[in-house]
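Peer 1: Here it is, the structure in full.
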Amino acid sequence: MTTTEADQVTPQAAETVEAVDAADHGHGVHGYHKQKDEHLKRLRRIEGQIRGLQRMVDEDVYCIDILTQVSASTKALQSFALQLLEEHLRHCVADAAATGSGIDEKVEEATKAIARMMRT
């Protein structure tokens, strides 16, 4: 997919995003909301790393050099995931604990997310 294709949002895609946002897992604002611009910047950097990997393969770069970049990209994604998890714990889980509503569900959600992260 080219940058142009990725940047184009069809009306159907926009409706899908809005429906997901409306469902919002029962919350108004996500824990990452305050850091959204920084997260997007970080994800664009990671996207650039992945495109760099594609270029390296296309240019027949030495295997070990590509693997080094794969490792760097993987670490960047893991770091991003940990930041999101921390924000989820600080915002969503803490909010559920403070209101006394849904704390067990939020802890279970976080535990499952951690388990998924550990499998990778």
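So you can find residues: chains in the structure tokens are A, B, ... in the order shown, residues in each start at 1, and ligands are numbered from 1 in order.
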Need the shell around Gln49 of chain A: protein/DNA/RNA residues with any atom at most 10 Å away, counting only C-alpha atoms. Skip same-chain ones fewer than 5 positions apart. Format as a PyMOL selection string?

Peer 2: chain A and resi 43-44+54-55+69-70+72-74+76

Peer 1: In terms of the shortest atom-to-atom distance over only C-alpha atoms, which of A:Arg51, A:Ala113, A:Leu40, A:Arg45 is closest to Leu82 of chain A?

Peer 2: A:Ala113

Peer 1: Mind giving me the straight-line distance from atom CA of Ile66 of chain A to atom CA of Met117 of chain A in Å, one decimal?

Peer 2: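 Atom-to-atom, atom CA of Ile66 of chain A to atom CA of Met117 of chain A, that is 23.1 Å.
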
Peer 1: State, in Å with one decimal place, the distance from atom CA of Glu86 of chain A to atom CA of Ala110 of chain A.

Peer 2: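 Computing it gives 9.7 Å between the two atoms.
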
Peer 1: Between A:Leu67, A:Val61, A:Leu77, A:Ile114, which has the minimum distance to Leu89 of chain A (counting only C-alpha atoms)?

Peer 2: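 Among the listed residues, the smallest separation from Leu89 of chain A belongs to A:Ile114.
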
Peer 1: Please report the interatomic distance between atom CA of Ser101 of chain A and atom CA of Gln83 of chain A in Å with one decimal.

Peer 2: 24.0 Å

Peer 1: DSSP on the backbone: which residues in segment 58-92 of chain A end up as alpha helix (DSSP H)? Give the answer as a short mmCIF file (atom, residue, chain, number, x, y, z; two decimals) with N, CA and C atoms, in the first residue's frame.

Peer 2:
```cif
data_model
loop_
_atom_site.label_atom_id
_atom_site.label_comp_id
_atom_site.auth_asym_id
_atom_site.auth_seq_id
_atom_site.Cartn_x
_atom_site.Cartn_y
_atom_site.Cartn_z
N ASP A 58 14.76 -5.21 -0.91
CA ASP A 58 14.72 -4.91 -2.34
C ASP A 58 16.12 -4.68 -2.90
N CYS A 63 22.10 -10.07 5.05
CA CYS A 63 21.10 -10.60 5.98
C CYS A 63 21.24 -10.06 7.41
N ILE A 64 22.43 -10.07 7.93
CA ILE A 64 22.66 -9.66 9.32
C ILE A 64 22.32 -8.17 9.49
N ASP A 65 22.59 -7.37 8.50
CA ASP A 65 22.23 -5.95 8.57
C ASP A 65 20.71 -5.78 8.62
N ILE A 66 20.00 -6.58 7.86
CA ILE A 66 18.54 -6.53 7.88
C ILE A 66 18.03 -6.99 9.24
N LEU A 67 18.59 -8.08 9.76
CA LEU A 67 18.17 -8.59 11.07
C LEU A 67 18.40 -7.57 12.17
N THR A 68 19.49 -6.81 12.07
CA THR A 68 19.76 -5.76 13.05
C THR A 68 18.64 -4.72 13.02
N GLN A 69 18.18 -4.37 11.83
CA GLN A 69 17.10 -3.40 11.71
C GLN A 69 15.76 -3.98 12.15
N VAL A 70 15.55 -5.28 11.91
CA VAL A 70 14.34 -5.94 12.40
C VAL A 70 14.30 -5.86 13.92
N SER A 71 15.44 -6.12 14.54
CA SER A 71 15.53 -6.05 16.00
C SER A 71 15.20 -4.65 16.51
N ALA A 72 15.74 -3.63 15.85
CA ALA A 72 15.48 -2.25 16.25
C ALA A 72 14.00 -1.91 16.10
N SER A 73 13.38 -2.36 15.02
CA SER A 73 11.95 -2.10 14.79
C SER A 73 11.10 -2.82 15.83
N THR A 74 11.47 -4.05 16.15
CA THR A 74 10.75 -4.83 17.15
C THR A 74 10.83 -4.14 18.51
N LYS A 75 12.02 -3.69 18.87
CA LYS A 75 12.20 -2.99 20.16
C LYS A 75 11.37 -1.71 20.20
N ALA A 76 11.31 -1.00 19.09
CA ALA A 76 10.53 0.23 19.03
C ALA A 76 9.04 -0.06 19.24
N LEU A 77 8.53 -1.11 18.62
CA LEU A 77 7.13 -1.50 18.81
C LEU A 77 6.86 -1.97 20.24
N GLN A 78 7.80 -2.72 20.81
CA GLN A 78 7.63 -3.18 22.19
C GLN A 78 7.60 -2.00 23.15
N SER A 79 8.47 -1.04 22.92
CA SER A 79 8.51 0.15 23.76
C SER A 79 7.20 0.93 23.66
N PHE A 80 6.69 1.05 22.44
CA PHE A 80 5.40 1.72 22.23
C PHE A 80 4.29 0.98 22.97
N ALA A 81 4.27 -0.35 22.86
CA ALA A 81 3.25 -1.16 23.53
C ALA A 81 3.32 -0.99 25.04
N LEU A 82 4.51 -0.96 25.59
CA LEU A 82 4.65 -0.78 27.04
C LEU A 82 4.13 0.59 27.49
N GLN A 83 4.39 1.61 26.68
CA GLN A 83 3.89 2.95 27.01
C GLN A 83 2.36 2.94 27.00
N LEU A 84 1.76 2.32 26.00
CA LEU A 84 0.29 2.23 25.95
C LEU A 84 -0.25 1.46 27.15
N LEU A 85 0.42 0.38 27.50
CA LEU A 85 -0.02 -0.42 28.64
C LEU A 85 0.04 0.41 29.92
N GLU A 86 1.13 1.14 30.11
CA GLU A 86 1.24 2.00 31.29
C GLU A 86 0.12 3.03 31.33
N GLU A 87 -0.18 3.64 30.19
CA GLU A 87 -1.25 4.62 30.14
C GLU A 87 -2.60 3.98 30.42
N HIS A 88 -2.80 2.75 29.93
CA HIS A 88 -4.04 2.03 30.21
C HIS A 88 -4.18 1.79 31.72
#
```
